[in-house]
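Q: Dropping the structure in here first, questions after.
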Amino acid sequence: MIVRLRDGPTVEVAERVAGAAADIWALVTDINLPAKFSSELHGVEWLEGADGVAVGNRFRGHNRNSMIGDWSTECVVVEFEPERRWVWAVGGIDGVAATWGFELEPGHEAVTVRQWARMGPGPSGLTMAIESMPHKEARIIARRLDEWRTSIAANLAGIRALIEGEPPSP
């Protein structure tokens with residue numbers, strides 16, 4: 001199967017964390033936390049007086065990637081279900097460039113924490129690479145999804161380590 005940007009390629013990683021859902025929720029709604037574990041995201045700040053996760057609140061993320069360079073994105077919280085799910089849309093050139101989210105599923109002995117990201121539907125920095133090399137679209141997308149998967153896995157491992165009191169595995 002050939003992966004196309006127009007299909008909204010998505011990556012998801014889940015991690016079981018032995019801890020209270022409320023404590024985990026406090027971490028996944030801290031927009032600065034991923035910058036501690038990401039090789040790409042370096043800082044985040046709330047915009048327009050916002051100070052927490054709520055539908056309509058905006059924040060800016062600052063990123064750095066050796067292949068792409070430095071850039072910032074403006075994001076808006078588009079879904080919010082306390083202690084269960086929050087989703088944000090990343091503003092792109094002409095609309096939503098990507099959508100990211102966290103979901104918590106409390107269980108008997110642990111909470112399953114999911115973080116996911118979906119490309120598109122609007123153009124992003126990736127679009128220029130695809131337009132210049134359309135024959136490599138699937139490879140370009142696969143590489144970017146792998147980068148996202150690695151960052152998400154590091155983020156969830158960091159959350160697990162903070163909650164369970166163990167150092168994250170390399």
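Chain identifiers are assigned as A, B, and so on, following the order in which chains appear in the structure tokens; residues are numbered from 1 within each chain, and ligands are numbered from 1 in order of appearance.
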Distance table requested - segment 2-73 of chain A against segment 130-145 of chain A, cut-off 7 Å, only C-alpha atoms: one row per qualifying residue with the closest atom pair and its distance in Å to one decimal, ordered by chain and rising residue number, as CSV.

A:
residue,atom,partner,partner_atom,distance
A:Ile2,CA,A:Ala138,CA,6.2
A:Val3,CA,A:Ala138,CA,5.1
A:Arg4,CA,A:Ala138,CA,6.2
A:Val11,CA,A:Leu145,CA,6.3

Q: Would you kindly return, as a list in words, each protein, DNA or RNA residue with an atom no farther than 7 Å from any atom of Leu5 of chain A, considering only C-alpha atoms and excluding same-chain residues fewer than 2 positions away?

A: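 Near neighbours after the sequence-gap exclusion: Val3, Asp7, Gly8, Pro9, Met119 and Gly120 of chain A.
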
Q: So that I have them on file, write out the residues from the current selection with N, CA and C atoms, as a compact mmCIF listing (two decimals), in the first residue's frame.

A:
# COMPACT_ATOMS: atom_id res chain seq x y z
N VAL A 3 1.51 5.09 0.79
CA VAL A 3 1.02 6.11 1.71
C VAL A 3 1.11 7.47 1.02
N ASP A 7 -4.06 11.10 2.40
CA ASP A 7 -4.76 10.07 3.17
C ASP A 7 -4.69 10.29 4.68
N GLY A 8 -3.99 11.35 5.10
CA GLY A 8 -3.88 11.64 6.53
C GLY A 8 -3.10 10.59 7.30
N PRO A 9 -1.87 10.29 6.88
CA PRO A 9 -1.09 9.27 7.59
C PRO A 9 -1.00 9.58 9.08
N MET A 119 -0.99 13.59 9.92
CA MET A 119 -0.55 14.61 8.96
C MET A 119 -1.76 15.16 8.20
N GLY A 120 -1.70 16.46 7.90
CA GLY A 120 -2.71 17.10 7.07
C GLY A 120 -3.94 17.49 7.85

Q: With distances taken over only C-alpha atoms, which of A:Asp30, A:Glu45, A:Glu147, A:Glu79 is nearest to Gly101 of chain A?

A: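 Using only C-alpha atoms, Gly101 of chain A sits closest to A:Glu79.
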
Q: What gap, in Å, lies between atom CA of Gly56 of chain A and atom CA of Leu104 of chain A?

A: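 One can read the atom CA of Gly56 of chain A to atom CA of Leu104 of chain A distance as 20.8 Å.
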
Q: Nearest to Ala153 of chain A: which of A:Val90, A:Ala20, A:Met67, A:Ala14 is it, counting only C-alpha atoms?

A: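 Looking only at the distances to Ala153 of chain A, the closest residue turns out to be A:Ala14.
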
Q: Could you pull out the alpha helix (DSSP H) residues of segment 2-169 of chain A from DSSP and send them as an mmCIF file with N, CA and C atoms, in the first residue's frame?

A:
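Wrote it out as out_9.cif, contents follow:
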data_model
loop_
_atom_site.group_PDB
_atom_site.id
_atom_site.type_symbol
_atom_site.label_atom_id
_atom_site.label_comp_id
_atom_site.auth_asym_id
_atom_site.auth_seq_id
_atom_site.Cartn_x
_atom_site.Cartn_y
_atom_site.Cartn_z
ATOM 1 N N ALA A 21 -4.596 8.180 37.353
ATOM 2 C CA ALA A 21 -4.966 8.887 36.116
ATOM 3 C C ALA A 21 -4.831 10.402 36.285
ATOM 4 N N ALA A 22 -5.191 10.929 37.440
ATOM 5 C CA ALA A 22 -5.104 12.377 37.661
ATOM 6 C C ALA A 22 -3.662 12.871 37.587
ATOM 7 N N ASP A 23 -2.726 12.088 38.115
ATOM 8 C CA ASP A 23 -1.313 12.472 38.068
ATOM 9 C C ASP A 23 -0.782 12.423 36.629
ATOM 10 N N ILE A 24 -1.187 11.407 35.907
ATOM 11 C CA ILE A 24 -0.766 11.275 34.507
ATOM 12 C C ILE A 24 -1.386 12.391 33.678
ATOM 13 N N TRP A 25 -2.648 12.691 33.932
ATOM 14 C CA TRP A 25 -3.329 13.765 33.216
ATOM 15 C C TRP A 25 -2.600 15.095 33.414
ATOM 16 N N ALA A 26 -2.137 15.351 34.628
ATOM 17 C CA ALA A 26 -1.405 16.595 34.901
ATOM 18 C C ALA A 26 -0.159 16.686 34.030
ATOM 19 N N LEU A 27 0.495 15.560 33.785
ATOM 20 C CA LEU A 27 1.689 15.572 32.934
ATOM 21 C C LEU A 27 1.331 15.741 31.459
ATOM 22 N N VAL A 28 0.338 15.007 30.957
ATOM 23 C CA VAL A 28 0.039 15.087 29.523
ATOM 24 C C VAL A 28 -0.583 16.423 29.136
ATOM 25 N N PRO A 34 6.714 17.735 26.836
ATOM 26 C CA PRO A 34 7.340 17.034 25.712
ATOM 27 C C PRO A 34 8.714 17.594 25.321
ATOM 28 N N ALA A 35 8.936 18.872 25.549
ATOM 29 C CA ALA A 35 10.236 19.462 25.203
ATOM 30 C C ALA A 35 11.373 18.847 26.028
ATOM 31 N N LYS A 36 11.053 18.260 27.188
ATOM 32 C CA LYS A 36 12.076 17.614 28.015
ATOM 33 C C LYS A 36 12.574 16.313 27.395
ATOM 34 N N PHE A 37 11.747 15.689 26.561
ATOM 35 C CA PHE A 37 12.073 14.367 26.037
ATOM 36 C C PHE A 37 12.271 14.345 24.521
ATOM 37 N N GLY A 125 5.508 21.977 6.002
ATOM 38 C CA GLY A 125 6.867 21.977 5.468
ATOM 39 C C GLY A 125 7.169 20.712 4.682
ATOM 40 N N LEU A 126 6.537 19.629 5.028
ATOM 41 C CA LEU A 126 6.722 18.362 4.325
ATOM 42 C C LEU A 126 6.211 18.443 2.886
ATOM 43 N N THR A 127 5.217 19.273 2.675
ATOM 44 C CA THR A 127 4.598 19.402 1.353
ATOM 45 C C THR A 127 5.612 19.833 0.304
ATOM 46 N N MET A 128 6.490 20.757 0.671
ATOM 47 C CA MET A 128 7.495 21.235 -0.296
ATOM 48 C C MET A 128 8.409 20.102 -0.736
ATOM 49 N N ALA A 129 8.823 19.258 0.219
ATOM 50 C CA ALA A 129 9.689 18.131 -0.131
ATOM 51 C C ALA A 129 8.963 17.173 -1.060
ATOM 52 N N ILE A 130 7.699 16.912 -0.786
ATOM 53 C CA ILE A 130 6.912 15.992 -1.625
ATOM 54 C C ILE A 130 6.704 16.577 -3.013
ATOM 55 N N GLU A 131 6.425 17.871 -3.081
ATOM 56 C CA GLU A 131 6.213 18.499 -4.388
ATOM 57 C C GLU A 131 7.481 18.494 -5.232
ATOM 58 N N SER A 132 8.640 18.601 -4.581
ATOM 59 C CA SER A 132 9.887 18.606 -5.354
ATOM 60 C C SER A 132 10.337 17.198 -5.744
ATOM 61 N N GLU A 137 7.247 10.385 -2.397
ATOM 62 C CA GLU A 137 6.263 10.771 -1.387
ATOM 63 C C GLU A 137 6.142 9.741 -0.266
ATOM 64 N N ALA A 138 5.986 8.484 -0.606
ATOM 65 C CA ALA A 138 5.806 7.445 0.413
ATOM 66 C C ALA A 138 7.019 7.360 1.331
ATOM 67 N N ARG A 139 8.218 7.470 0.776
ATOM 68 C CA ARG A 139 9.433 7.414 1.602
ATOM 69 C C ARG A 139 9.563 8.640 2.504
ATOM 70 N N ILE A 140 9.221 9.800 1.961
ATOM 71 C CA ILE A 140 9.289 11.043 2.742
ATOM 72 C C ILE A 140 8.329 10.954 3.930
ATOM 73 N N ILE A 141 7.117 10.491 3.670
ATOM 74 C CA ILE A 141 6.118 10.369 4.737
ATOM 75 C C ILE A 141 6.549 9.320 5.754
ATOM 76 N N ALA A 142 7.025 8.174 5.284
ATOM 77 C CA ALA A 142 7.457 7.112 6.195
ATOM 78 C C ALA A 142 8.571 7.598 7.115
ATOM 79 N N ARG A 143 9.515 8.341 6.563
ATOM 80 C CA ARG A 143 10.625 8.864 7.382
ATOM 81 C C ARG A 143 10.090 9.820 8.455
ATOM 82 N N ARG A 144 9.174 10.708 8.066
ATOM 83 C CA ARG A 144 8.634 11.671 9.028
ATOM 84 C C ARG A 144 7.801 10.966 10.095
ATOM 85 N N LEU A 145 7.013 9.977 9.697
ATOM 86 C CA LEU A 145 6.237 9.219 10.683
ATOM 87 C C LEU A 145 7.158 8.489 11.652
ATOM 88 N N ASP A 146 8.274 7.972 11.163
ATOM 89 C CA ASP A 146 9.253 7.324 12.049
ATOM 90 C C ASP A 146 9.828 8.327 13.053
ATOM 91 N N GLU A 147 10.105 9.556 12.598
ATOM 92 C CA GLU A 147 10.602 10.592 13.512
ATOM 93 C C GLU A 147 9.553 10.897 14.580
ATOM 94 N N TRP A 148 8.303 11.038 14.140
ATOM 95 C CA TRP A 148 7.228 11.303 15.094
ATOM 96 C C TRP A 148 7.094 10.151 16.088
ATOM 97 N N ARG A 149 7.125 8.915 15.584
ATOM 98 C CA ARG A 149 6.984 7.732 16.446
ATOM 99 C C ARG A 149 8.087 7.707 17.511
ATOM 100 N N THR A 150 9.310 8.008 17.104
ATOM 101 C CA THR A 150 10.437 8.029 18.037
ATOM 102 C C THR A 150 10.234 9.095 19.106
ATOM 103 N N SER A 151 9.795 10.282 18.702
ATOM 104 C CA SER A 151 9.559 11.371 19.664
ATOM 105 C C SER A 151 8.421 11.031 20.620
ATOM 106 N N ILE A 152 7.349 10.472 20.085
ATOM 107 C CA ILE A 152 6.207 10.111 20.929
ATOM 108 C C ILE A 152 6.612 9.027 21.923
ATOM 109 N N ALA A 153 7.341 8.016 21.461
ATOM 110 C CA ALA A 153 7.784 6.938 22.352
ATOM 111 C C ALA A 153 8.665 7.493 23.470
ATOM 112 N N ALA A 154 9.559 8.424 23.143
ATOM 113 C CA ALA A 154 10.420 9.039 24.163
ATOM 114 C C ALA A 154 9.584 9.837 25.161
ATOM 115 N N ASN A 155 8.586 10.545 24.661
ATOM 116 C CA ASN A 155 7.714 11.325 25.521
ATOM 117 C C ASN A 155 6.952 10.417 26.493
ATOM 118 N N LEU A 156 6.373 9.341 25.979
ATOM 119 C CA LEU A 156 5.610 8.436 26.842
ATOM 120 C C LEU A 156 6.506 7.694 27.827
ATOM 121 N N ALA A 157 7.713 7.328 27.396
ATOM 122 C CA ALA A 157 8.660 6.692 28.316
ATOM 123 C C ALA A 157 9.050 7.675 29.426
ATOM 124 N N GLY A 158 9.195 8.944 29.082
ATOM 125 C CA GLY A 158 9.504 9.966 30.080
ATOM 126 C C GLY A 158 8.371 10.140 31.077
ATOM 127 N N ILE A 159 7.144 10.132 30.583
ATOM 128 C CA ILE A 159 5.980 10.232 31.465
ATOM 129 C C ILE A 159 5.943 9.030 32.406
ATOM 130 N N ARG A 160 6.132 7.835 31.862
ATOM 131 C CA ARG A 160 6.139 6.625 32.687
ATOM 132 C C ARG A 160 7.225 6.722 33.764
ATOM 133 N N ALA A 161 8.412 7.176 33.381
ATOM 134 C CA ALA A 161 9.512 7.291 34.342
ATOM 135 C C ALA A 161 9.185 8.301 35.445
ATOM 136 N N LEU A 162 8.574 9.414 35.101
ATOM 137 C CA LEU A 162 8.216 10.410 36.106
ATOM 138 C C LEU A 162 7.168 9.870 37.077
ATOM 139 N N ILE A 163 6.196 9.148 36.562
ATOM 140 C CA ILE A 163 5.114 8.612 37.403
ATOM 141 C C ILE A 163 5.607 7.419 38.230
ATOM 142 N N GLU A 164 6.350 6.522 37.586
ATOM 143 C CA GLU A 164 6.758 5.302 38.269
ATOM 144 C C GLU A 164 8.087 5.444 38.996
#

Q: Taking the DSSP assignment computed from this structure's backbone, write out as a count of residues only all residues of segment 7-161 of chain A that belong to strand (DSSP E or B).

A: 64

Q: Leaving out His108 of chain A and any residue of its chain fewer than 3 positions from it, which residues lie within 12 Å of it when counting only C-alpha atoms, given as a list in words?

A: Arg16, Val17, Ala18, Gly19, Ala20, Ala21, Glu105, Val111 and Thr112 of chain A

Q: Taking into account only C-alpha atoms, which residue in the set A:Thr29, A:Leu47, A:Phe59, A:Ala97 is nearest to Glu83 of chain A?

A: A:Thr29

Q: Excluding Gly91 of chain A and any residue of its chain fewer than 6 positions from it, enumerate the residues within 7 Å of it, using only C-alpha atoms, and give them as a ChimeraX atom specification.

A: /A:73-75,97

Q: Which polymer residues have any atom within 9 Å of an atom of His42 of chain A, counting only C-alpha atoms, with same-chain residues fewer than 2 positions away left out, as a ChimeraX atom specification?

A: /A:32,34-36,38-40,44,61-64

Q: How many Å lie between atom CA of Gly165 of chain A and atom CA of Glu15 of chain A, rounded to one decimal?

A: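 Here the two named atoms are 15.1 Å from each other.
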
Q: As a VMD selection string, please: the residues near Pro123 of chain A (cut-off 10 Å, only C-alpha atoms, same-chain neighbours under 6 positions excluded).

A: chain A and resid 5 to 6 91 to 98

Q: Output N, CA and C atoms of each residue in that selection to a file, as a PDB file, in the first residue's frame.

A:
ATOM      1  N   LEU A   5       0.074  11.734   1.401  1.00  0.00           N
ATOM      2  CA  LEU A   5      -0.237  12.792   2.352  1.00  0.00           C
ATOM      3  C   LEU A   5      -1.740  13.046   2.407  1.00  0.00           C
ATOM      4  N   ARG A   6      -2.392  12.968   1.272  1.00  0.00           N
ATOM      5  CA  ARG A   6      -3.840  13.238   1.214  1.00  0.00           C
ATOM      6  C   ARG A   6      -4.667  12.242   2.032  1.00  0.00           C
ATOM      7  N   GLY A  91      -1.402  24.721  13.161  1.00  0.00           N
ATOM      8  CA  GLY A  91      -1.675  25.597  12.033  1.00  0.00           C
ATOM      9  C   GLY A  91      -0.600  25.472  10.974  1.00  0.00           C
ATOM     10  N   GLY A  92      -1.043  25.414   9.731  1.00  0.00           N
ATOM     11  CA  GLY A  92      -0.114  25.294   8.617  1.00  0.00           C
ATOM     12  C   GLY A  92      -0.227  26.464   7.673  1.00  0.00           C
ATOM     13  N   ILE A  93       0.339  26.306   6.512  1.00  0.00           N
ATOM     14  CA  ILE A  93       0.363  27.342   5.494  1.00  0.00           C
ATOM     15  C   ILE A  93      -1.058  27.749   5.110  1.00  0.00           C
ATOM     16  N   ASP A  94      -1.909  26.779   4.865  1.00  0.00           N
ATOM     17  CA  ASP A  94      -3.312  27.015   4.502  1.00  0.00           C
ATOM     18  C   ASP A  94      -4.216  26.060   5.265  1.00  0.00           C
ATOM     19  N   GLY A  95      -4.300  26.208   6.573  1.00  0.00           N
ATOM     20  CA  GLY A  95      -5.160  25.342   7.358  1.00  0.00           C
ATOM     21  C   GLY A  95      -4.381  24.465   8.312  1.00  0.00           C
ATOM     22  N   VAL A  96      -4.982  23.352   8.680  1.00  0.00           N
ATOM     23  CA  VAL A  96      -4.403  22.445   9.662  1.00  0.00           C
ATOM     24  C   VAL A  96      -3.342  21.572   8.993  1.00  0.00           C
ATOM     25  N   ALA A  97      -2.096  21.706   9.450  1.00  0.00           N
ATOM     26  CA  ALA A  97      -0.984  20.930   8.899  1.00  0.00           C
ATOM     27  C   ALA A  97      -0.873  19.556   9.555  1.00  0.00           C
ATOM     28  N   ALA A  98      -1.333  19.457  10.800  1.00  0.00           N
ATOM     29  CA  ALA A  98      -1.287  18.186  11.533  1.00  0.00           C
ATOM     30  C   ALA A  98      -2.210  18.299  12.734  1.00  0.00           C
TER      31      ALA A  98
END

Q: Could you check which of A:Val13, A:Ala110, A:Ala117, A:Val53 is closest to Trp86 of chain A, using only C-alpha atoms?

A: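 Going through A:Val13, A:Ala110, A:Ala117, A:Val53 one by one, the smallest distance to Trp86 of chain A is for A:Val53.
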